[in-house]
Structures are given as C-alpha cells and as structure tokens.
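Undergrad: Just dropping this structure here.
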Amino acid sequence: MIRPRATPAIAEDEAARKGAIRQANEALILGAGERVFARTGFNGATMAAIADEAGLPKANLHYYFGSKAELYRAVLARTLHDWLVPMDGLVAEADPRQALEAYIRAKMAMGFERPDASRVFANELLHGAAELGALLRTELRAMVLAKARVIEAWVAGGRMAPVDATHLFFTIWAATQTYADFDLQVCAVLGRDALSDRDRSRATEHVVALMLRGCGLG
C-alpha cells in the first residue's frame with residue numbers, strides 16, 4: 001500500500017512539535033544540572049544523578065548532551081546569557097534611573113529565582129574558570145565595555161553622577177548575587193531558615209536605593 005506523502009504544512013507542524021519537545025527537555029535537563037552541580041560541584045555530579053533530578057532516563061541526557069562536561073558548559077553558557085539579556089535596556093536614549101533600576105531588579109530576581117545557577121557560576125570562577133574563561137574574555141567583556149560607554153555618555157551629559165562605569169557593574173553583581181551565593185550567611189544573620197517574600201522585597205529595595213543614590217539618581 002502506498003502511503004500518502006505528508007503535505008508541507010503537516011511536515012512543518014511535526015517539525016515544530018519535535019522542536020518544542022526538544023526545547024522543553026533541554027530546559028528540564030539544564031535546570032536539573034544547575035541544581036546538581038550547585039550541590040556537588042562538577043566532580044561530584046554524575047549524569048545518573050542529573051537524570052534522576054530531571055525525572056528522565058539517563059539515555060535522554062546523553063541524547064541531548066553527549067557528556068557531563070558538555071552539559072556543564074551548557075549550564076554555564078545559559079546562565080551567562082540570561083544575565084546579559086537585562087543589560088539590553090541600558091541604551092543611550094533610555095532614562096538612566098529607569099534603565100539601571102530595571103537592570104538591578106532583574107539581577108536580584110534572577111538570584112532569588114535561580115540561586116543554583118549563580119552558585120555554579122561562582123564556583124566555576126573560584127576554580128579558575130577553565131570552562132568560562134573564553135566567554136568571559138569575549139562575550140561578557142564586549143557587553144560590559146559597550147554598556148560602560150553608555151553610562152559614560154550619561155555621565156558626560158550630566159544625566160547621572162560621575163562613576164567608574166566598568167566598576168559599577170562589578171558592584172551591582174556583587175550586591176545582587178550575594179543573596180544567592182551566600183544565602184546561608186544572610187539567613188543566619190536575619191535568623192531565618194529561608195528568605196521570605198518580604199525579606200526578598202526588603203533586600204531588593206535596599207540594593208536598588210543604595211545603587212541609585214550612588215549614581216546620583218536616588
């Protein structure tokens with residue numbers, strides 16, 4: 001029996017369905033990888049443990065990511081990409097106060113929502129950035145230099161107080177990521193087992209106000 005040939009529309013729908021399944025599975029695996037790598041480090045993590053965390057057969061992990069090292073690099077690259085996206089709002093025509101506030105709030109929210117991503121990233125840096133080094137020297141450096149020029153233009157135009165634009169980013173990263181990387185310390189000092197929504201809001205408002213005042217925008 002001759003089967004009817006699939007129409008272009010049906011083929012496109014099937015390709016879209018498979019693409020959506022692939023994206024969903026990759027996101028599930030990357031999320032599981034974040035959590036396992038954060039708990040055990042690269043050396044302590046296993047593909048079996050990540051598969052259990054994701055609720056998928058181990059074979060699925062190897063289908064999407066050929067090795068633990070490949071998955072680890074993908075976790076780091078996704079984290080860096082997600083951290084860079086909020087910087088897109090720092091453009092010359094933007095209002096400095098609104099743009100910087102939106103960026104700081106986005107960084108705080110990501111730290112609270114995906115603390116394991118921040119911890120994996122920090123641990124990679126503490127161990128010499130063997131996997132991240134190239135991305136830091138290229139993608140991250142290019143983005144920071146470009147956005148520093150925007151801030152320098154705002155300063156030159158009298159739109160905000162004089163600041164060292166490049167070091168401003170270091171300060172923002174330190175202030176925002178500490179709530180993920182050192183949450184145990186924060187919780188201990190505040191007498192909490194975990195930060196509540198009220199604690200997170202208090203922290204966010206404090207960091208936003210402090211940074212904006214330092215930029216003459218408070």
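Lettering and numbering for the structure tokens are positional, with chains as A, B, ... in the shown order, residues counted from 1 in each chain, and ligands counted from 1 in the shown order.
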Which residues come within 12 Å of A:Val155, counting only C-alpha atoms, excluding same-chain residues fewer than 6 positions away, as JSON, numbers by chain?

TA: {"A": [92, 96, 148, 149, 161, 162, 163, 164, 165, 215, 216, 217]}

Undergrad: Pull N, CA and C atoms from the residues just selected and write them as a PDB file, in the first residue's frame.

TA:
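For reference, result.pdb as written:
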ATOM      1  N   ALA A  92      21.584  54.347  25.086  1.00  0.00           N
ATOM      2  CA  ALA A  92      21.813  55.787  25.202  1.00  0.00           C
ATOM      3  C   ALA A  92      20.531  56.586  25.379  1.00  0.00           C
ATOM      4  N   PRO A  96      18.360  57.058  32.528  1.00  0.00           N
ATOM      5  CA  PRO A  96      19.342  56.339  33.348  1.00  0.00           C
ATOM      6  C   PRO A  96      18.747  55.698  34.601  1.00  0.00           C
ATOM      7  N   ALA A 148      29.289  50.149  29.385  1.00  0.00           N
ATOM      8  CA  ALA A 148      30.050  51.167  30.125  1.00  0.00           C
ATOM      9  C   ALA A 148      30.116  52.453  29.319  1.00  0.00           C
ATOM     10  N   ARG A 149      30.230  52.342  28.011  1.00  0.00           N
ATOM     11  CA  ARG A 149      30.246  53.549  27.165  1.00  0.00           C
ATOM     12  C   ARG A 149      28.914  54.289  27.244  1.00  0.00           C
ATOM     13  N   ALA A 161      25.474  61.041  38.203  1.00  0.00           N
ATOM     14  CA  ALA A 161      26.717  61.433  38.874  1.00  0.00           C
ATOM     15  C   ALA A 161      27.906  60.697  38.259  1.00  0.00           C
ATOM     16  N   PRO A 162      29.103  61.278  38.365  1.00  0.00           N
ATOM     17  CA  PRO A 162      30.296  60.592  37.857  1.00  0.00           C
ATOM     18  C   PRO A 162      30.534  59.283  38.618  1.00  0.00           C
ATOM     19  N   VAL A 163      30.687  58.217  37.873  1.00  0.00           N
ATOM     20  CA  VAL A 163      31.011  56.908  38.444  1.00  0.00           C
ATOM     21  C   VAL A 163      31.993  56.218  37.503  1.00  0.00           C
ATOM     22  N   ASP A 164      32.700  55.238  38.020  1.00  0.00           N
ATOM     23  CA  ASP A 164      33.521  54.389  37.169  1.00  0.00           C
ATOM     24  C   ASP A 164      32.566  53.352  36.577  1.00  0.00           C
ATOM     25  N   ALA A 165      32.252  53.521  35.310  1.00  0.00           N
ATOM     26  CA  ALA A 165      31.192  52.726  34.697  1.00  0.00           C
ATOM     27  C   ALA A 165      31.469  51.229  34.751  1.00  0.00           C
ATOM     28  N   CYS A 215      24.678  56.629  42.243  1.00  0.00           N
ATOM     29  CA  CYS A 215      24.782  57.150  40.873  1.00  0.00           C
ATOM     30  C   CYS A 215      24.144  58.542  40.748  1.00  0.00           C
ATOM     31  N   GLY A 216      23.753  59.101  41.899  1.00  0.00           N
ATOM     32  CA  GLY A 216      23.106  60.415  41.866  1.00  0.00           C
ATOM     33  C   GLY A 216      21.716  60.378  41.304  1.00  0.00           C
ATOM     34  N   LEU A 217      21.062  59.234  41.409  1.00  0.00           N
ATOM     35  CA  LEU A 217      19.729  59.067  40.813  1.00  0.00           C
ATOM     36  C   LEU A 217      18.671  58.748  41.856  1.00  0.00           C
TER      37      LEU A 217
END

Undergrad: For stretch 24-52 of chain A versus stretch 66-83 of chain A, which residues have an atom no more than 7 Å away, and what is each residue's nearest atom pair and distance in Å rounded to one decimal, using only C-alpha atoms, chain-then-number order, as JSON lines?

TA:
{"residue": "A:Leu30", "atom": "CA", "partner": "A:Val75", "partner_atom": "CA", "distance": 5.8}
{"residue": "A:Gly33", "atom": "CA", "partner": "A:Val75", "partner_atom": "CA", "distance": 6.8}
{"residue": "A:Glu34", "atom": "CA", "partner": "A:Val75", "partner_atom": "CA", "distance": 6.4}
{"residue": "A:Met47", "atom": "CA", "partner": "A:Lys68", "partner_atom": "CA", "distance": 6.2}

Undergrad: Which of these, A:Phe170, A:Phe112, A:Phe121, A:Trp154, has the shortest distance to A:Arg141 once you count only C-alpha atoms?

TA: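 Looking only at the distances to A:Arg141, the closest residue turns out to be A:Phe170.
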
Undergrad: Env of A:Asp52: 12 Å cut, atoms = only C-alpha atoms, seq-sep filter 5 positions within chain, self excluded. Answer as a VMD selection string.

TA: chain A and resid 28 to 29 32 to 33 35 to 36 45 to 47 57 to 61

Undergrad: For A:Ala209, which residue out of A:Leu84, A:Ala153, A:Leu125, A:Ala175 is the nearest one, using only C-alpha atoms?

TA: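 Of A:Leu84, A:Ala153, A:Leu125, A:Ala175, the one nearest A:Ala209 is A:Ala175, counting only C-alpha atoms.
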
Undergrad: What parts of stretch 26-146 of chain A does DSSP call alpha helix (DSSP H)? I'd like the answer as a ChimeraX atom specification.

TA: /A:26-44,47-54,58-64,68-84,96-113,115-126,133-135,141-146

Undergrad: I'd like to know which of A:Met143, A:Leu212, A:Met108, A:Leu90 is closest to A:Trp173, using only C-alpha atoms.

TA: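 Ranked by minimum distance to A:Trp173, first place goes to A:Met108.
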
Undergrad: Enumerate, in order of chain and increasing residue number, the residues of stretch 173-211 of chain A with an atom no farther than 12 Å from stretch 99-104 of chain A, each with its shortest atom pair and distance in Å to one decimal, counting only C-alpha atoms, as CSV.

TA:
residue,atom,partner,partner_atom,distance
A:Trp173,CA,A:Ile104,CA,8.7
A:Ala174,CA,A:Ile104,CA,11.2
A:Ala175,CA,A:Ile104,CA,9.3
A:Thr176,CA,A:Ile104,CA,7.4
A:Gln177,CA,A:Ile104,CA,10.5
A:Ala203,CA,A:Ile104,CA,11.5
A:Thr204,CA,A:Ile104,CA,8.3
A:Glu205,CA,A:Ile104,CA,9.9
A:His206,CA,A:Ile104,CA,10.9
A:Val207,CA,A:Ile104,CA,7.9
A:Val208,CA,A:Glu101,CA,6.2
A:Ala209,CA,A:Glu101,CA,8.7
A:Leu210,CA,A:Glu101,CA,10.7
A:Met211,CA,A:Ile104,CA,8.5

Undergrad: Output all heavy atoms of each residue in that selection to a file, as a compact mmCIF listing (two decimals), in the first residue's frame.

TA:
# COMPACT_ATOMS: atom_id res chain seq x y z
N TRP A 173 26.94 43.43 40.48
CA TRP A 173 26.98 41.97 40.51
C TRP A 173 27.23 41.46 41.94
O TRP A 173 26.60 40.51 42.39
CB TRP A 173 28.08 41.45 39.59
CG TRP A 173 27.89 41.80 38.15
CD1 TRP A 173 26.73 42.21 37.54
CD2 TRP A 173 28.89 41.80 37.13
NE1 TRP A 173 26.95 42.46 36.21
CE2 TRP A 173 28.26 42.22 35.92
CE3 TRP A 173 30.24 41.48 37.11
CZ2 TRP A 173 28.96 42.33 34.72
CZ3 TRP A 173 30.94 41.59 35.91
CH2 TRP A 173 30.30 42.00 34.74
N ALA A 174 28.16 42.11 42.63
CA ALA A 174 28.48 41.68 43.99
C ALA A 174 27.27 41.81 44.90
O ALA A 174 26.96 40.92 45.70
CB ALA A 174 29.65 42.49 44.54
N ALA A 175 26.57 42.95 44.79
CA ALA A 175 25.43 43.21 45.67
C ALA A 175 24.25 42.29 45.37
O ALA A 175 23.56 41.85 46.29
CB ALA A 175 25.01 44.68 45.55
N THR A 176 24.02 42.00 44.11
CA THR A 176 22.84 41.20 43.76
C THR A 176 23.07 39.70 43.93
O THR A 176 22.19 38.98 44.39
CB THR A 176 22.40 41.50 42.31
OG1 THR A 176 23.50 41.26 41.41
CG2 THR A 176 21.95 42.95 42.16
N GLN A 177 24.25 39.24 43.57
CA GLN A 177 24.50 37.80 43.60
C GLN A 177 24.80 37.27 45.00
O GLN A 177 24.73 36.06 45.24
CB GLN A 177 25.64 37.44 42.63
CG GLN A 177 25.20 37.55 41.18
CD GLN A 177 26.34 37.56 40.19
OE1 GLN A 177 26.39 38.38 39.28
NE2 GLN A 177 27.28 36.65 40.35
N ALA A 203 15.32 43.32 50.63
CA ALA A 203 16.67 43.30 50.08
C ALA A 203 16.72 44.02 48.74
O ALA A 203 17.64 44.80 48.46
CB ALA A 203 17.14 41.86 49.92
N THR A 204 15.74 43.75 47.89
CA THR A 204 15.71 44.37 46.57
C THR A 204 15.60 45.88 46.67
O THR A 204 16.35 46.62 45.99
CB THR A 204 14.54 43.81 45.74
OG1 THR A 204 14.70 42.39 45.58
CG2 THR A 204 14.48 44.47 44.37
N GLU A 205 14.68 46.36 47.50
CA GLU A 205 14.51 47.80 47.63
C GLU A 205 15.77 48.46 48.19
O GLU A 205 16.14 49.57 47.78
CB GLU A 205 13.30 48.12 48.52
CG GLU A 205 11.96 47.63 47.97
CD GLU A 205 11.72 48.08 46.53
OE1 GLU A 205 12.02 49.23 46.19
OE2 GLU A 205 11.26 47.23 45.73
N HIS A 206 16.44 47.77 49.12
CA HIS A 206 17.67 48.32 49.69
C HIS A 206 18.75 48.44 48.62
O HIS A 206 19.39 49.49 48.49
CB HIS A 206 18.18 47.42 50.82
CG HIS A 206 19.60 47.69 51.20
ND1 HIS A 206 19.98 48.82 51.92
CD2 HIS A 206 20.75 47.01 50.93
CE1 HIS A 206 21.29 48.81 52.08
NE2 HIS A 206 21.79 47.73 51.49
N VAL A 207 18.98 47.38 47.86
CA VAL A 207 20.04 47.40 46.86
C VAL A 207 19.73 48.42 45.77
O VAL A 207 20.61 49.18 45.34
CB VAL A 207 20.24 45.99 46.25
CG1 VAL A 207 21.22 46.04 45.07
CG2 VAL A 207 20.75 45.02 47.31
N VAL A 208 18.49 48.47 45.32
CA VAL A 208 18.11 49.45 44.29
C VAL A 208 18.35 50.86 44.78
O VAL A 208 18.99 51.68 44.09
CB VAL A 208 16.63 49.27 43.88
CG1 VAL A 208 16.15 50.46 43.05
CG2 VAL A 208 16.44 47.98 43.09
N ALA A 209 17.88 51.18 45.99
CA ALA A 209 18.02 52.54 46.52
C ALA A 209 19.49 52.91 46.72
O ALA A 209 19.92 54.02 46.38
CB ALA A 209 17.26 52.67 47.84
N LEU A 210 20.27 51.98 47.24
CA LEU A 210 21.69 52.25 47.50
C LEU A 210 22.44 52.50 46.18
O LEU A 210 23.22 53.47 46.09
CB LEU A 210 22.30 51.05 48.23
CG LEU A 210 23.75 51.22 48.71
CD1 LEU A 210 23.82 52.28 49.79
CD2 LEU A 210 24.27 49.89 49.24
N MET A 211 22.21 51.68 45.18
CA MET A 211 22.89 51.85 43.91
C MET A 211 22.48 53.14 43.21
O MET A 211 23.33 53.87 42.67
CB MET A 211 22.60 50.65 43.00
CG MET A 211 23.19 49.34 43.48
SD MET A 211 25.00 49.39 43.52
CE MET A 211 25.34 47.84 44.32

Undergrad: Measuring between only C-alpha atoms, which one of A:Leu145, A:Ile21, A:Ala48, A:Met110 shows the shortest distance to A:Tyr179?

TA: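 Closest candidate: A:Met110.
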
Undergrad: Report the distance between atom CA of A:Ser201 and atom CA of A:Cys187 in Å, rounded to one decimal place.

TA: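 Separation of atom CA of A:Ser201 and atom CA of A:Cys187: 14.4 Å.
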
Undergrad: Output as a tab-separated table one row per residue of stretch 102-161 of chain A within 10 Å of stretch 37-40 of chain A: the closest atom pair and its distance in Å to one decimal place, counting only C-alpha atoms, sorted by chain and residue number ascending.

TA:
residue	atom	partner	partner_atom	distance
A:Pro115	CA	A:Ala38	CA	8.8
A:Asp116	CA	A:Ala38	CA	5.4
A:Ala117	CA	A:Ala38	CA	7.3
A:Ser118	CA	A:Ala38	CA	8.5
A:Arg119	CA	A:Ala38	CA	5.8
A:Val120	CA	A:Ala38	CA	5.0
A:Phe121	CA	A:Ala38	CA	8.8
A:Ala122	CA	A:Ala38	CA	9.6
A:Asn123	CA	A:Ala38	CA	8.1

Undergrad: For those residues, write all heavy atoms to a file as a JSON list (two decimals), in the first residue's frame.

TA:
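Saved result, out.json, follows:
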[["chain", "number", "residue", "atom", "x", "y", "z"],
["A", 115, "PRO", "N", 18.93, 30.54, 42.27],
["A", 115, "PRO", "CA", 20.18, 30.67, 43.05],
["A", 115, "PRO", "C", 21.22, 29.64, 42.67],
["A", 115, "PRO", "O", 22.42, 29.91, 42.74],
["A", 115, "PRO", "CB", 19.71, 30.49, 44.50],
["A", 115, "PRO", "CG", 18.45, 29.69, 44.40],
["A", 115, "PRO", "CD", 17.79, 30.17, 43.14],
["A", 116, "ASP", "N", 20.78, 28.45, 42.26],
["A", 116, "ASP", "CA", 21.75, 27.41, 41.92],
["A", 116, "ASP", "C", 22.58, 27.81, 40.70],
["A", 116, "ASP", "O", 23.77, 27.48, 40.62],
["A", 116, "ASP", "CB", 21.05, 26.08, 41.65],
["A", 116, "ASP", "CG", 20.48, 25.46, 42.92],
["A", 116, "ASP", "OD1", 21.12, 25.63, 43.97],
["A", 116, "ASP", "OD2", 19.43, 24.83, 42.87],
["A", 117, "ALA", "N", 21.99, 28.52, 39.76],
["A", 117, "ALA", "CA", 22.73, 28.97, 38.59],
["A", 117, "ALA", "C", 23.86, 29.90, 39.02],
["A", 117, "ALA", "O", 24.99, 29.79, 38.53],
["A", 117, "ALA", "CB", 21.80, 29.69, 37.61],
["A", 118, "SER", "N", 23.56, 30.80, 39.95],
["A", 118, "SER", "CA", 24.57, 31.73, 40.44],
["A", 118, "SER", "C", 25.68, 30.98, 41.17],
["A", 118, "SER", "O", 26.86, 31.30, 41.03],
["A", 118, "SER", "CB", 23.93, 32.76, 41.37],
["A", 118, "SER", "OG", 24.88, 33.70, 41.81],
["A", 119, "ARG", "N", 25.32, 29.96, 41.95],
["A", 119, "ARG", "CA", 26.33, 29.22, 42.72],
["A", 119, "ARG", "C", 27.25, 28.41, 41.81],
["A", 119, "ARG", "O", 28.46, 28.34, 42.05],
["A", 119, "ARG", "CB", 25.62, 28.29, 43.71],
["A", 119, "ARG", "CG", 24.90, 29.05, 44.82],
["A", 119, "ARG", "CD", 23.98, 28.15, 45.60],
["A", 119, "ARG", "NE", 23.08, 28.94, 46.45],
["A", 119, "ARG", "CZ", 21.86, 28.57, 46.78],
["A", 119, "ARG", "NH1", 21.37, 27.42, 46.34],
["A", 119, "ARG", "NH2", 21.10, 29.34, 47.54],
["A", 120, "VAL", "N", 26.68, 27.80, 40.76],
["A", 120, "VAL", "CA", 27.51, 27.06, 39.82],
["A", 120, "VAL", "C", 28.49, 28.02, 39.13],
["A", 120, "VAL", "O", 29.68, 27.71, 38.97],
["A", 120, "VAL", "CB", 26.64, 26.34, 38.77],
["A", 120, "VAL", "CG1", 27.51, 25.68, 37.70],
["A", 120, "VAL", "CG2", 25.77, 25.29, 39.43],
["A", 121, "PHE", "N", 27.99, 29.19, 38.75],
["A", 121, "PHE", "CA", 28.81, 30.20, 38.08],
["A", 121, "PHE", "C", 29.94, 30.65, 39.00],
["A", 121, "PHE", "O", 31.11, 30.72, 38.61],
["A", 121, "PHE", "CB", 27.93, 31.39, 37.69],
["A", 121, "PHE", "CG", 28.54, 32.33, 36.70],
["A", 121, "PHE", "CD1", 28.33, 32.16, 35.34],
["A", 121, "PHE", "CD2", 29.30, 33.39, 37.12],
["A", 121, "PHE", "CE1", 28.88, 33.04, 34.42],
["A", 121, "PHE", "CE2", 29.87, 34.27, 36.22],
["A", 121, "PHE", "CZ", 29.65, 34.10, 34.86],
["A", 122, "ALA", "N", 29.59, 30.96, 40.26],
["A", 122, "ALA", "CA", 30.59, 31.43, 41.22],
["A", 122, "ALA", "C", 31.64, 30.35, 41.49],
["A", 122, "ALA", "O", 32.84, 30.64, 41.57],
["A", 122, "ALA", "CB", 29.91, 31.83, 42.53],
["A", 123, "ASN", "N", 31.20, 29.11, 41.61],
["A", 123, "ASN", "CA", 32.14, 28.01, 41.86],
["A", 123, "ASN", "C", 33.10, 27.83, 40.70],
["A", 123, "ASN", "O", 34.29, 27.55, 40.89],
["A", 123, "ASN", "CB", 31.37, 26.72, 42.13],
["A", 123, "ASN", "CG", 32.24, 25.64, 42.74],
["A", 123, "ASN", "OD1", 32.96, 25.88, 43.71],
["A", 123, "ASN", "ND2", 32.17, 24.45, 42.17]]

Undergrad: One decimal, Å: what's the distance from atom CA of A:Gly111 over to atom CA of A:Asp181, could you say?

TA: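 Atom CA of A:Asp181 lies at a distance of 8.5 Å from atom CA of A:Gly111.
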